[in-house]
Amino acid sequence: MHFIPRPRRAKKISFNQVNRRTGHRIKYLKVDADTGEEVPNEDIVKAYELDKEAFMEVSKEELEEVALESTRTIEIDEFVEKSEIDPRYLIRPYYLRPDGKVGHDVHCPTMP
């Protein structure tokens, strides 16, 4: 059997996990760690672990208050004159990216 993705407008292709033997999709149930009972989505909240088995619920509003303004943009503070750049850096393009998560997904265009 060959997998041929159906065409989509988005550039990302998503995959499902399936049982190799049966071909059925795999489901992930959200269950209470102690009781083993399934928990409906409306009863699931985000919480910070204070201590083993002790959690503090964090609301969506609280998370929005502490969220970073953006993790996908950078600010350019200034440019330099071409004469200030060592000529050896003009032979081949170099790309600078910020450290950390912001710079992780930086895309550098192909130079002609």
# chains A, B, ... in the order shown; residues from 1 in each chain; ligands from 1
>>> residues_around(residues="segment 61-66 of chain A", least_positions_apart="2", cutoff="12 Å", atoms="only C-alpha atoms", output="JSON, numbers by chain")
{"A": [45, 46, 47, 48, 57, 58, 59, 68, 69, 70]}
>>> atom_distance(atom1="atom CA of Glu78 of chain A", atom2="atom CA of Leu96 of chain A")
14.0 Å
>>> residues_around(residues="segment 30-34 of chain A", least_positions_apart="4", cutoff="12 Å", atoms="only C-alpha atoms", output="ChimeraX atom specification")
/A:38-45,53
>>> select_by_dssp(residues="segment 9-69 of chain A", states="strand (DSSP E)", output="PyMOL selection string")
chain A and resi 46-51+54-58
